[in-house]
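One file, data02.csv, is given below (CSV, C-alpha atoms and all ligand atoms).
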```csv
chain,number,residue,atom,x,y,z
A,1,MET,CA,0.0,0.0,0.0
A,2,GLY,CA,1.3,3.5,-0.8
A,3,VAL,CA,0.9,6.7,1.2
A,4,ILE,CA,-2.3,7.8,-0.6
A,5,ALA,CA,-4.1,4.6,0.1
A,6,ARG,CA,-2.9,4.5,3.7
A,7,TYR,CA,-3.6,8.1,4.7
A,8,ARG,CA,-6.3,9.0,2.1
A,9,GLU,CA,-8.5,10.9,4.7
A,10,HIS,CA,-5.6,13.2,5.6
A,11,LEU,CA,-4.7,14.0,1.9
A,12,PRO,CA,-6.2,16.3,-0.7
A,13,VAL,CA,-7.3,13.4,-2.9
A,14,GLY,CA,-10.6,12.2,-4.2
A,15,PRO,CA,-12.2,9.6,-6.5
A,16,ALA,CA,-10.8,11.5,-9.6
A,17,THR,CA,-7.2,11.3,-8.4
A,18,PRO,CA,-5.4,8.5,-10.3
A,19,GLU,CA,-3.5,5.8,-8.3
A,20,ILE,CA,0.1,5.6,-9.4
A,21,ASP,CA,1.8,4.4,-6.3
A,22,LEU,CA,5.1,2.5,-6.0
A,23,GLN,CA,4.2,1.3,-2.5
A,24,GLU,CA,6.2,4.2,-1.0
A,25,GLY,CA,6.1,5.0,2.7
A,26,SER,CA,5.7,2.5,5.6
A,27,THR,CA,9.4,2.8,6.2
A,28,PRO,CA,10.9,1.2,9.3
A,29,LEU,CA,11.4,3.1,12.6
A,30,VAL,CA,14.6,1.3,13.6
A,31,PRO,CA,15.5,1.5,17.4
A,32,SER,CA,19.1,2.2,17.9
A,33,ARG,CA,21.2,-0.7,19.4
A,34,ASN,CA,24.5,0.9,19.9
A,35,ILE,CA,24.6,4.7,19.3
A,36,GLY,CA,21.9,5.3,21.8
A,37,LYS,CA,23.7,3.2,24.4
A,38,ALA,CA,27.0,5.1,23.7
A,39,LEU,CA,25.2,8.4,24.2
A,40,GLY,CA,23.2,7.3,27.2
A,41,LEU,CA,19.9,7.8,25.3
A,42,LYS,CA,17.3,5.2,26.1
A,43,ASN,CA,14.9,5.9,23.3
A,44,LEU,CA,16.7,6.7,20.1
A,45,TYR,CA,15.1,5.7,16.8
A,46,PHE,CA,16.0,6.1,13.1
A,47,LYS,CA,13.3,6.7,10.5
A,48,TYR,CA,14.9,4.9,7.6
A,49,GLU,CA,13.6,6.8,4.6
A,50,GLY,CA,16.3,5.3,2.3
A,51,LEU,CA,14.0,2.3,2.0
A,52,ASN,CA,11.5,4.2,-0.2
A,53,PRO,CA,11.2,3.0,-3.8
A,54,THR,CA,13.7,5.5,-5.2
A,55,GLY,CA,15.8,5.6,-2.1
A,56,SER,CA,14.7,8.8,-0.4
A,57,PHE,CA,11.7,10.4,1.4
A,58,LYS,CA,10.9,12.3,-1.7
A,59,ASP,CA,8.6,9.5,-2.9
A,60,ARG,CA,6.0,10.4,-0.3
A,61,GLY,CA,5.3,13.8,-1.6
A,62,MET,CA,6.0,13.0,-5.2
A,63,VAL,CA,3.3,10.3,-5.5
A,64,VAL,CA,0.7,12.9,-4.3
A,65,ALA,CA,2.0,15.7,-6.5
A,66,VAL,CA,2.2,13.6,-9.6
A,67,ALA,CA,-1.3,12.1,-9.0
A,68,LYS,CA,-2.7,15.7,-8.5
A,69,ALA,CA,-0.9,16.9,-11.6
A,70,LEU,CA,-2.4,14.0,-13.7
A,71,GLU,CA,-5.8,14.8,-12.2
A,72,ALA,CA,-5.4,18.4,-13.4
A,73,GLY,CA,-4.5,17.2,-16.9
A,74,SER,CA,-0.7,17.9,-16.9
A,75,ARG,CA,1.4,15.9,-19.3
A,76,VAL,CA,4.8,17.5,-18.7
A,77,LEU,CA,6.4,17.6,-15.2
A,78,MET,CA,9.4,19.5,-14.2
A,79,CYS,CA,11.6,20.1,-11.2
A,80,ALA,CA,15.0,21.5,-10.1
A,81,SER,CA,16.9,19.2,-7.8
A,82,THR,CA,20.0,18.3,-5.9
A,83,GLY,CA,19.3,14.7,-7.1
A,84,ASN,CA,16.7,12.9,-5.0
A,85,THR,CA,13.7,14.9,-6.1
A,86,SER,CA,14.7,14.4,-9.7
A,87,ALA,CA,15.0,10.6,-9.2
A,88,SER,CA,11.7,10.4,-7.6
A,89,MET,CA,9.8,12.6,-10.1
A,90,ALA,CA,11.3,10.7,-13.0
A,91,ALA,CA,10.2,7.4,-11.5
A,92,TYR,CA,6.6,8.5,-10.9
A,93,ALA,CA,6.4,10.2,-14.3
A,94,ALA,CA,7.6,6.9,-15.9
A,95,ARG,CA,4.9,5.1,-14.0
A,96,ALA,CA,2.3,7.5,-15.1
A,97,GLY,CA,3.5,7.7,-18.7
A,98,VAL,CA,4.1,11.4,-18.8
A,99,ARG,CA,7.1,13.5,-19.8
A,100,ALA,CA,9.7,14.4,-17.1
A,101,ILE,CA,12.2,17.2,-17.3
A,102,VAL,CA,14.7,17.6,-14.5
A,103,VAL,CA,17.2,20.5,-14.0
A,104,VAL,CA,20.2,19.8,-11.9
A,105,PRO,CA,23.1,22.0,-11.0
A,106,SER,CA,25.9,20.9,-13.4
A,107,GLY,CA,28.5,18.7,-11.7
A,108,GLU,CA,26.9,19.1,-8.3
A,109,ILE,CA,24.8,16.0,-7.8
A,110,ALA,CA,25.7,12.5,-6.7
A,111,MET,CA,26.2,10.1,-9.6
A,112,ASN,CA,23.7,7.5,-8.6
A,113,LYS,CA,20.9,10.0,-8.4
A,114,LEU,CA,21.8,11.2,-11.9
A,115,SER,CA,21.7,7.6,-13.1
A,116,GLN,CA,18.3,7.1,-11.6
A,117,ALA,CA,16.7,10.1,-13.5
A,118,LEU,CA,18.3,8.9,-16.7
A,119,MET,CA,17.2,5.3,-16.3
A,120,TYR,CA,13.7,6.3,-15.5
A,121,GLY,CA,13.7,8.2,-18.8
A,122,ALA,CA,13.7,11.8,-17.8
A,123,LYS,CA,15.2,14.5,-19.9
A,124,VAL,CA,18.0,15.8,-17.7
A,125,ILE,CA,19.4,19.3,-18.1
A,126,ALA,CA,22.6,20.0,-16.2
A,127,LEU,CA,22.4,23.7,-15.8
A,128,LYS,CA,25.4,25.9,-15.0
A,129,GLY,CA,25.0,27.3,-11.5
A,130,ASN,CA,23.8,26.0,-8.2
A,131,PHE,CA,20.5,24.5,-7.0
A,132,ASP,CA,19.1,27.9,-6.2
A,133,THR,CA,19.6,29.2,-9.7
A,134,ALA,CA,18.2,26.0,-11.1
A,135,LEU,CA,15.0,26.4,-9.0
A,136,GLU,CA,14.6,30.0,-10.0
A,137,THR,CA,14.9,29.0,-13.7
A,138,VAL,CA,12.4,26.2,-13.3
A,139,ARG,CA,9.9,28.4,-11.5
A,140,ASP,CA,10.2,31.0,-14.2
A,141,LEU,CA,9.7,28.5,-17.0
A,142,THR,CA,6.8,26.7,-15.4
A,143,SER,CA,5.0,30.1,-14.8
A,144,ARG,CA,5.2,30.7,-18.6
A,145,TYR,CA,4.5,27.3,-20.2
A,146,ASN,CA,2.1,24.5,-19.7
A,147,VAL,CA,4.5,22.5,-17.5
A,148,ALA,CA,3.7,21.4,-14.0
A,149,LEU,CA,6.2,22.5,-11.2
A,150,MET,CA,7.0,19.6,-9.0
A,151,ASN,CA,9.3,21.1,-6.4
A,152,SER,CA,8.2,21.4,-2.8
A,153,VAL,CA,6.8,24.8,-3.5
A,154,ASN,CA,4.0,22.7,-4.9
A,155,PRO,CA,1.8,22.2,-1.8
A,156,ASN,CA,0.9,18.6,-2.8
A,157,ARG,CA,4.5,17.6,-2.2
A,158,LEU,CA,4.3,18.7,1.5
A,159,GLU,CA,0.9,17.0,1.9
A,160,GLY,CA,2.5,13.7,0.9
A,161,GLN,CA,5.7,14.2,2.9
A,162,LYS,CA,3.7,14.8,6.1
A,163,THR,CA,2.7,11.1,6.1
A,164,ALA,CA,6.2,10.3,7.6
A,165,ALA,CA,5.1,12.2,10.8
A,166,PHE,CA,1.9,10.1,10.9
A,167,GLU,CA,3.8,6.9,10.6
A,168,ILE,CA,6.1,7.8,13.5
A,169,VAL,CA,3.1,8.5,15.7
A,170,ASP,CA,1.3,5.4,14.6
A,171,VAL,CA,4.4,3.3,15.6
A,172,LEU,CA,5.3,5.0,18.9
A,173,GLY,CA,1.7,5.6,20.0
A,174,ASP,CA,2.4,9.3,20.4
A,175,ALA,CA,4.7,12.0,19.1
A,176,PRO,CA,8.4,11.8,20.1
A,177,ASP,CA,10.1,14.5,22.2
A,178,TYR,CA,12.5,15.4,19.5
A,179,LEU,CA,12.4,15.0,15.7
A,180,ILE,CA,15.8,15.7,14.2
A,181,LEU,CA,16.2,16.0,10.4
A,182,PRO,CA,18.3,17.7,7.7
A,183,VAL,CA,17.2,21.0,6.3
A,184,GLY,CA,17.9,22.0,2.7
A,185,ASN,CA,15.1,23.6,0.7
A,186,ALA,CA,13.2,23.3,4.0
A,187,GLY,CA,10.1,21.5,2.6
A,188,ASN,CA,10.5,18.4,4.8
A,189,ILE,CA,10.7,20.1,8.2
A,190,THR,CA,7.6,22.2,7.1
A,191,ALA,CA,5.8,19.0,6.1
A,192,TYR,CA,6.7,17.0,9.3
A,193,TRP,CA,5.5,19.9,11.5
A,194,LYS,CA,2.2,20.0,9.5
A,195,GLY,CA,1.8,16.3,9.9
A,196,PHE,CA,2.4,16.3,13.7
A,197,ARG,CA,0.0,19.2,14.1
A,198,GLU,CA,-2.7,17.6,12.1
A,199,TYR,CA,-2.4,14.3,13.9
A,200,HIS,CA,-2.5,16.1,17.2
A,201,ALA,CA,-5.5,18.1,16.2
A,202,ALA,CA,-7.2,14.8,15.1
A,203,GLY,CA,-6.6,13.3,18.6
A,204,ARG,CA,-4.0,10.8,17.4
A,205,SER,CA,-1.2,12.2,19.7
A,206,THR,CA,-1.2,13.9,23.1
A,207,ARG,CA,1.7,16.1,22.4
A,208,LEU,CA,4.0,17.7,19.7
A,209,PRO,CA,7.7,17.2,19.3
A,210,ARG,CA,10.4,19.8,19.3
A,211,MET,CA,11.6,20.2,15.7
A,212,VAL,CA,15.3,20.2,15.3
A,213,GLY,CA,16.9,21.0,11.9
A,214,ALA,CA,20.4,20.4,10.8
A,215,GLN,CA,22.1,22.4,8.1
A,216,ALA,CA,25.7,22.1,6.8
A,217,GLU,CA,28.0,24.8,8.0
A,218,GLY,CA,28.8,26.0,4.4
A,219,ALA,CA,25.1,26.0,3.5
A,220,ALA,CA,23.3,27.3,6.5
A,221,PRO,CA,21.2,30.3,5.5
A,222,ILE,CA,18.5,29.7,8.1
A,223,VAL,CA,21.1,29.5,10.9
A,224,SER,CA,22.9,32.6,9.8
A,225,GLY,CA,19.7,34.5,8.9
A,226,HIS,CA,20.6,35.4,5.3
A,227,PRO,CA,20.9,33.6,1.9
A,228,VAL,CA,24.2,32.0,1.0
A,229,ALA,CA,25.3,32.9,-2.5
A,230,HIS,CA,27.7,30.0,-2.9
A,231,PRO,CA,26.7,27.2,-0.7
A,232,LYS,CA,29.4,24.5,-0.1
A,233,THR,CA,29.2,21.2,1.7
A,234,VAL,CA,30.0,17.5,1.1
A,235,ALA,CA,26.3,16.8,1.7
A,236,SER,CA,25.2,17.7,-1.9
A,237,ALA,CA,21.5,17.0,-1.2
A,238,ILE,CA,21.4,20.1,1.2
A,239,ARG,CA,23.8,22.3,-0.7
A,240,ILE,CA,21.2,25.1,-0.9
A,241,GLY,CA,21.6,28.8,-0.2
A,242,ASN,CA,18.1,30.2,-0.3
A,243,PRO,CA,15.5,27.7,0.8
A,244,ALA,CA,12.0,28.0,-0.8
A,245,SER,CA,10.2,27.0,2.5
A,246,TRP,CA,12.4,29.2,4.7
A,247,GLU,CA,9.4,30.5,6.6
A,248,GLY,CA,7.9,27.1,7.1
A,249,ALA,CA,11.2,26.0,8.7
A,250,THR,CA,11.4,28.9,11.1
A,251,SER,CA,7.7,28.5,12.0
A,252,ALA,CA,8.3,24.8,12.8
A,253,ARG,CA,11.3,25.7,14.9
A,254,ASP,CA,9.7,28.5,16.8
A,255,GLU,CA,6.2,27.0,17.3
A,256,SER,CA,7.7,23.7,18.5
A,257,GLY,CA,10.4,25.3,20.8
A,258,GLY,CA,13.0,23.6,18.6
A,259,MET,CA,16.1,24.8,16.9
A,260,ILE,CA,18.0,24.8,13.6
A,261,ALA,CA,21.8,24.6,13.9
A,262,ALA,CA,24.8,23.9,11.6
A,263,VAL,CA,27.3,21.0,11.6
A,264,THR,CA,30.6,20.8,9.8
A,265,ASP,CA,31.4,18.5,6.9
A,266,THR,CA,33.8,16.6,9.2
A,267,GLU,CA,31.1,16.0,11.8
A,268,ILE,CA,28.7,14.9,9.0
A,269,LEU,CA,31.1,12.3,7.6
A,270,GLN,CA,32.1,11.0,11.0
A,271,ALA,CA,28.4,10.6,11.9
A,272,GLN,CA,27.8,8.8,8.5
A,273,VAL,CA,30.5,6.3,9.2
A,274,GLN,CA,29.5,5.8,12.8
A,275,LEU,CA,25.9,5.2,11.8
A,276,ALA,CA,26.9,2.6,9.2
A,277,SER,CA,29.5,0.8,11.2
A,278,SER,CA,27.7,0.7,14.5
A,279,GLU,CA,24.1,0.4,13.5
A,280,GLY,CA,24.2,-1.2,10.1
A,281,LEU,CA,22.4,1.8,8.6
A,282,PHE,CA,23.9,3.4,5.5
A,283,ALA,CA,22.6,6.9,4.8
A,284,GLU,CA,23.8,9.6,2.5
A,285,PRO,CA,25.8,12.5,4.0
A,286,ALA,CA,22.8,14.9,4.2
A,287,SER,CA,21.0,12.3,6.3
A,288,ALA,CA,23.9,12.0,8.7
A,289,ALA,CA,23.8,15.8,9.5
A,290,PRO,CA,21.0,15.4,12.1
A,291,LEU,CA,22.9,12.6,13.8
A,292,ALA,CA,26.0,14.8,13.9
A,293,LEU,CA,23.9,17.5,15.5
A,294,LEU,CA,22.4,15.0,18.0
A,295,PHE,CA,26.0,14.1,19.1
A,296,ARG,CA,26.7,17.7,19.8
A,297,LEU,CA,23.4,18.3,21.6
A,298,VAL,CA,24.0,15.3,23.9
A,299,ARG,CA,27.6,16.5,24.6
A,300,GLU,CA,26.2,19.9,25.6
A,301,GLY,CA,23.6,18.2,27.9
A,302,LYS,CA,20.7,19.6,25.9
A,303,ILE,CA,18.8,16.3,25.5
A,304,ALA,CA,17.3,14.5,28.5
A,305,LYS,CA,18.5,10.8,28.7
A,306,ASP,CA,15.0,9.4,28.7
A,307,ALA,CA,13.7,11.7,25.8
A,308,ILE,CA,12.2,9.9,22.8
A,309,THR,CA,14.3,11.0,19.9
A,310,VAL,CA,13.7,10.3,16.2
A,311,VAL,CA,16.5,11.0,13.7
A,312,VAL,CA,15.2,11.0,10.1
A,313,LEU,CA,17.6,9.3,7.7
A,314,THR,CA,16.3,11.0,4.6
A,315,GLY,CA,18.2,9.1,1.8
A,316,SER,CA,20.1,5.9,1.2
A,317,GLY,CA,23.9,5.8,1.4
A,318,LEU,CA,23.9,4.0,-1.9
A,319,LYS,CA,22.9,7.3,-3.5
A,320,ASP,CA,26.4,8.8,-3.1
A,321,PRO,CA,29.1,6.1,-3.0
A,322,ASP,CA,31.8,8.7,-3.9
A,323,ALA,CA,31.2,10.7,-0.7
A,324,ALA,CA,31.2,7.5,1.4
A,325,LEU,CA,34.4,6.1,-0.1
A,326,LYS,CA,36.3,9.2,0.7
A,327,ASN,CA,35.9,8.4,4.4
A,328,VAL,CA,36.8,4.7,4.7
A,329,GLU,CA,39.9,2.5,4.2
A,330,PRO,CA,40.1,1.2,0.6
A,331,PRO,CA,39.9,-2.6,0.0
A,332,ILE,CA,43.1,-4.5,0.4
A,333,GLU,CA,44.5,-5.6,-3.0
A,334,LEU,CA,45.8,-9.1,-2.8
A,335,ASP,CA,47.1,-11.8,-5.1
A,336,GLY,CA,47.5,-15.0,-3.1
A,337,ASP,CA,46.0,-18.1,-1.5
A,338,ALA,CA,44.1,-18.8,1.8
A,339,ARG,CA,47.4,-18.9,3.7
A,340,THR,CA,48.5,-15.4,2.5
A,341,LEU,CA,45.0,-14.1,3.1
A,342,ALA,CA,45.0,-15.4,6.7
A,343,LYS,CA,48.4,-13.8,7.3
A,344,VAL,CA,47.1,-10.4,6.0
A,345,LEU,CA,44.1,-10.8,8.3
A,346,LYS,CA,46.3,-11.7,11.3
A,347,LEU,CA,44.1,-14.7,12.0
B,1,LIG,N1,18.0,14.9,2.8
B,1,LIG,C1,18.0,14.5,1.5
B,1,LIG,C2,18.6,13.1,1.2
B,1,LIG,C3,17.6,15.3,0.5
B,1,LIG,O1,17.6,14.9,-0.8
B,1,LIG,C4,17.1,16.6,0.8
B,1,LIG,C5,16.6,17.5,-0.2
B,1,LIG,C6,17.0,16.9,2.1
B,1,LIG,C7,17.5,16.1,3.1
B,1,LIG,C8,16.5,18.2,2.6
B,1,LIG,O2,15.1,18.3,2.5
B,1,LIG,O3,14.9,20.2,1.0
B,1,LIG,O4,12.9,19.4,2.2
B,1,LIG,O5,14.8,20.6,3.4
B,1,LIG,N2,16.7,17.3,-1.5
B,1,LIG,C9,16.1,18.1,-2.5
B,1,LIG,C10,16.3,17.5,-3.9
B,1,LIG,C11,16.5,19.5,-2.5
B,1,LIG,O6,16.3,18.2,-4.9
B,1,LIG,O7,16.4,16.3,-3.9
B,1,LIG,P1,14.4,19.7,2.3
```
For the file at hand, write its structure as structure tokens.
Ligand code: F0G
Amino acid sequence: MGVIARYREHLPVGPATPEIDLQEGSTPLVPSRNIGKALGLKNLYFKYEGLNPTGSFKDRGMVVAVAKALEAGSRVLMCASTGNTSASMAAYAARAGVRAIVVVPSGEIAMNKLSQALMYGAKVIALKGNFDTALETVRDLTSRYNVALMNSVNPNRLEGQKTAAFEIVDVLGDAPDYLILPVGNAGNITAYWKGFREYHAAGRSTRLPRMVGAQAEGAAPIVSGHPVAHPKTVASAIRIGNPASWEGATSARDESGGMIAAVTDTEILQAQVQLASSEGLFAEPASAAPLALLFRLVREGKIAKDAITVVVLTGSGLKDPDAALKNVEPPIELDGDARTLAKVLKL
């Protein structure tokens, strides 16, 4: 079952909305085995969004946005992307049999995300400039031509993405104390907060979480309070200098009593390795940013030991092998038999 079928009564869909799901959503909320223990946190969970059909949380919003675009008669879909949105849009467009055009910042997105968009049959434009200029160009074009804009400025995207908050409450039986996630274009933090508030209003939870957003230090416009002209970070998914849902993010932060803070690339890559090697969860660098921030908040004594904390792992580590390989020992090259192998392994 996809998110539309599962949460139909909370979504802007009706009998005329086509069903085009890839059985997205219903991702595991994995309890921590080792990191929580090391930090002294009793209730740490990872929402493993990398298990969505195209490997990121984007599928939740995309299925709703594409279904609504089809319902409205659109035949050409377009987005700007740091990679995951384009992969997701291309997949659902393929499923629906409509044209997909994706605009990515040239040379700035992870190779496997690019391969996804191409394999799903999208027309891919690698535009000179960064994500912010790509989005500006796409917004301009879609306002002039009969082409549907599929970025998260399309409200149907956020409607679908809010289902991740519903799932967390459905599993835990209530909202967590902290929800920690990466912030790039700021759609997801906006969507989660909407989801938690709606479920609370519907009597499905007794409380609301504090929303904690992580940005990368070289791409932290919300933390610094002004747009960043040339955002830089190893976490290419969140290499964004002027988030479209800026206000949504600051509202989520302020209304929930949360925070948005920046972590360094070094902290991000360390957290990524630690997550993989001590929990068996491989997430892309952007998804490790909230874990890096959690490490810092625990060090500073800002998280109570018995708090229920959910870290959202937004995308699969398989998305960006280049970033991951920079941070681990390369394989041992060997030409020999079992005896030499045993010697090398010091068995
Ligand atoms: N994590 C991953 C893996 C992402 O791909 C993104 C955004 C984010 C976090 C941040 O979410 O933008 O809602 O604040 N990726 C977009 C894209 C920009 O084009 O794929 P956000």
Requested in this report: Considering all atoms listed in the file, state which residue in the set A:Phe196, A:Asn188, A:Pro227, A:Thr163 is at the smallest distance from A:Arg8.
Outcome: A:Thr163
Let me have all residues with an atom within 8 Å of ligand LIG 1 (chain B), counting all atoms listed in the file, laid out as a PDB file with C-alpha atoms, in the frame of the given file.
```pdb
ATOM      1  CA  SER A  56      14.700   8.800  -0.400  1.00  0.00           C
ATOM      2  CA  PHE A  57      11.700  10.400   1.400  1.00  0.00           C
ATOM      3  CA  LYS A  58      10.900  12.300  -1.700  1.00  0.00           C
ATOM      4  CA  ALA A  80      15.000  21.500 -10.100  1.00  0.00           C
ATOM      5  CA  SER A  81      16.900  19.200  -7.800  1.00  0.00           C
ATOM      6  CA  THR A  82      20.000  18.300  -5.900  1.00  0.00           C
ATOM      7  CA  GLY A  83      19.300  14.700  -7.100  1.00  0.00           C
ATOM      8  CA  ASN A  84      16.700  12.900  -5.000  1.00  0.00           C
ATOM      9  CA  THR A  85      13.700  14.900  -6.100  1.00  0.00           C
ATOM     10  CA  SER A  86      14.700  14.400  -9.700  1.00  0.00           C
ATOM     11  CA  ALA A  87      15.000  10.600  -9.200  1.00  0.00           C
ATOM     12  CA  PHE A 131      20.500  24.500  -7.000  1.00  0.00           C
ATOM     13  CA  ASN A 151       9.300  21.100  -6.400  1.00  0.00           C
ATOM     14  CA  SER A 152       8.200  21.400  -2.800  1.00  0.00           C
ATOM     15  CA  LEU A 181      16.200  16.000  10.400  1.00  0.00           C
ATOM     16  CA  PRO A 182      18.300  17.700   7.700  1.00  0.00           C
ATOM     17  CA  VAL A 183      17.200  21.000   6.300  1.00  0.00           C
ATOM     18  CA  GLY A 184      17.900  22.000   2.700  1.00  0.00           C
ATOM     19  CA  ASN A 185      15.100  23.600   0.700  1.00  0.00           C
ATOM     20  CA  ALA A 186      13.200  23.300   4.000  1.00  0.00           C
ATOM     21  CA  GLY A 187      10.100  21.500   2.600  1.00  0.00           C
ATOM     22  CA  ASN A 188      10.500  18.400   4.800  1.00  0.00           C
ATOM     23  CA  ILE A 189      10.700  20.100   8.200  1.00  0.00           C
ATOM     24  CA  THR A 190       7.600  22.200   7.100  1.00  0.00           C
ATOM     25  CA  ALA A 237      21.500  17.000  -1.200  1.00  0.00           C
ATOM     26  CA  ILE A 238      21.400  20.100   1.200  1.00  0.00           C
ATOM     27  CA  ILE A 240      21.200  25.100  -0.900  1.00  0.00           C
ATOM     28  CA  PRO A 243      15.500  27.700   0.800  1.00  0.00           C
ATOM     29  CA  SER A 245      10.200  27.000   2.500  1.00  0.00           C
ATOM     30  CA  GLU A 284      23.800   9.600   2.500  1.00  0.00           C
ATOM     31  CA  PRO A 285      25.800  12.500   4.000  1.00  0.00           C
ATOM     32  CA  ALA A 286      22.800  14.900   4.200  1.00  0.00           C
ATOM     33  CA  SER A 287      21.000  12.300   6.300  1.00  0.00           C
ATOM     34  CA  LEU A 313      17.600   9.300   7.700  1.00  0.00           C
ATOM     35  CA  THR A 314      16.300  11.000   4.600  1.00  0.00           C
ATOM     36  CA  GLY A 315      18.200   9.100   1.800  1.00  0.00           C
ATOM     37  CA  SER A 316      20.100   5.900   1.200  1.00  0.00           C
TER      38      SER A 316
END
```
Requested in this report: Between atom CA of A:Asp174 and atom CA of A:Arg33, measure the distance and give it in Å to one decimal.
Outcome: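 Going from atom CA of A:Asp174 over to atom CA of A:Arg33, I get 21.3 Å.
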Query - Neighbour list for A:Leu29 as a PyMOL selection string, cut-off 10 Å, only C-alpha atoms, skip fewer than 3 positions in-chain - result: chain A and resi 26+32+44-49+167-168+171-172+310-312
Selection: 7 Å around A:Ala191, only C-alpha atoms, excl. self and same-chain fewer than 2 positions, as a compact mmCIF listing (two decimals) with C-alpha atoms, in the coordinates of the input:
```
# COMPACT_ATOMS: atom_id res chain seq x y z
CA LEU A 158 4.30 18.70 1.50
CA GLU A 159 0.90 17.00 1.90
CA GLN A 161 5.70 14.20 2.90
CA LYS A 162 3.70 14.80 6.10
CA GLY A 187 10.10 21.50 2.60
CA ASN A 188 10.50 18.40 4.80
CA ILE A 189 10.70 20.10 8.20
CA TRP A 193 5.50 19.90 11.50
CA LYS A 194 2.20 20.00 9.50
CA GLY A 195 1.80 16.30 9.90
```
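Proximity ranking of A:Ala134, A:Val103, A:Ile260, A:Met150 relative to A:Met89 places A:Met150 first, based on all atoms listed in the file.
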Query raised in the report: Could you work out how far atom CA of A:Gly97 lies from atom CA of A:Asp59, giving the answer in Å with one decimal?
Result: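 Interatomic distance, atom CA of A:Asp59 to atom CA of A:Gly97: 16.7 Å.
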Query raised in the report: Of the candidates A:Met111, A:Met62, A:Ala219, A:Leu149, which one gets nearest to A:Arg75 if we count all atoms listed in the file?
Result: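 Residue with the minimum atom-to-atom distance to A:Arg75: A:Leu149.
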Query raised in the report: How many Å lie between atom CA of A:Ala220 and atom CA of A:Asp320, rounded to one decimal?
Result: 21.1 Å
**Report entry** Residue with smallest distance to A:Val328 - pool A:Leu347, A:Leu269, A:Ile35, A:Leu297, counting all atoms listed in the file
**Finding:** A:Leu269
Report task. Find the residues near A:Gly40: any atom within 12 Å, counting all atoms listed in the file, skip ones fewer than 6 places away on the same chain, and give them as a list in words. Result ->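 Non-adjacent residues within range: Ser32, Arg33, Asn34, Phe295, Val298, Arg299, Gly301, Ile303, Ala304, Lys305, Asp306 and Ala307 of chain A.
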Requested in this report: Return the single residue from A:Glu24, A:Asp132, A:Asp140, A:Glu267 that is closest to A:Gly50, with distances computed using only C-alpha atoms.
Outcome: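 Comparing A:Glu24, A:Asp132, A:Asp140, A:Glu267 against A:Gly50, the winner is A:Glu24.
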Query - Residue with smallest distance to A:Ala324 - pool A:Glu300, A:Pro209, A:Leu293, A:Ala276, counting all atoms listed in the file - result: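 Using all atoms listed in the file, A:Ala324 sits closest to A:Ala276.
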Report task. For A:Asp177, work out the shell of residues within 7 Å, counting all atoms listed in the file and skipping chain neighbours fewer than 2 positions away, then give it as a list in words. Result ->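 Listed by chain and then number, they are Ala175, Leu179, Pro209, Arg210, Ala307, Ile308 and Thr309 of chain A.
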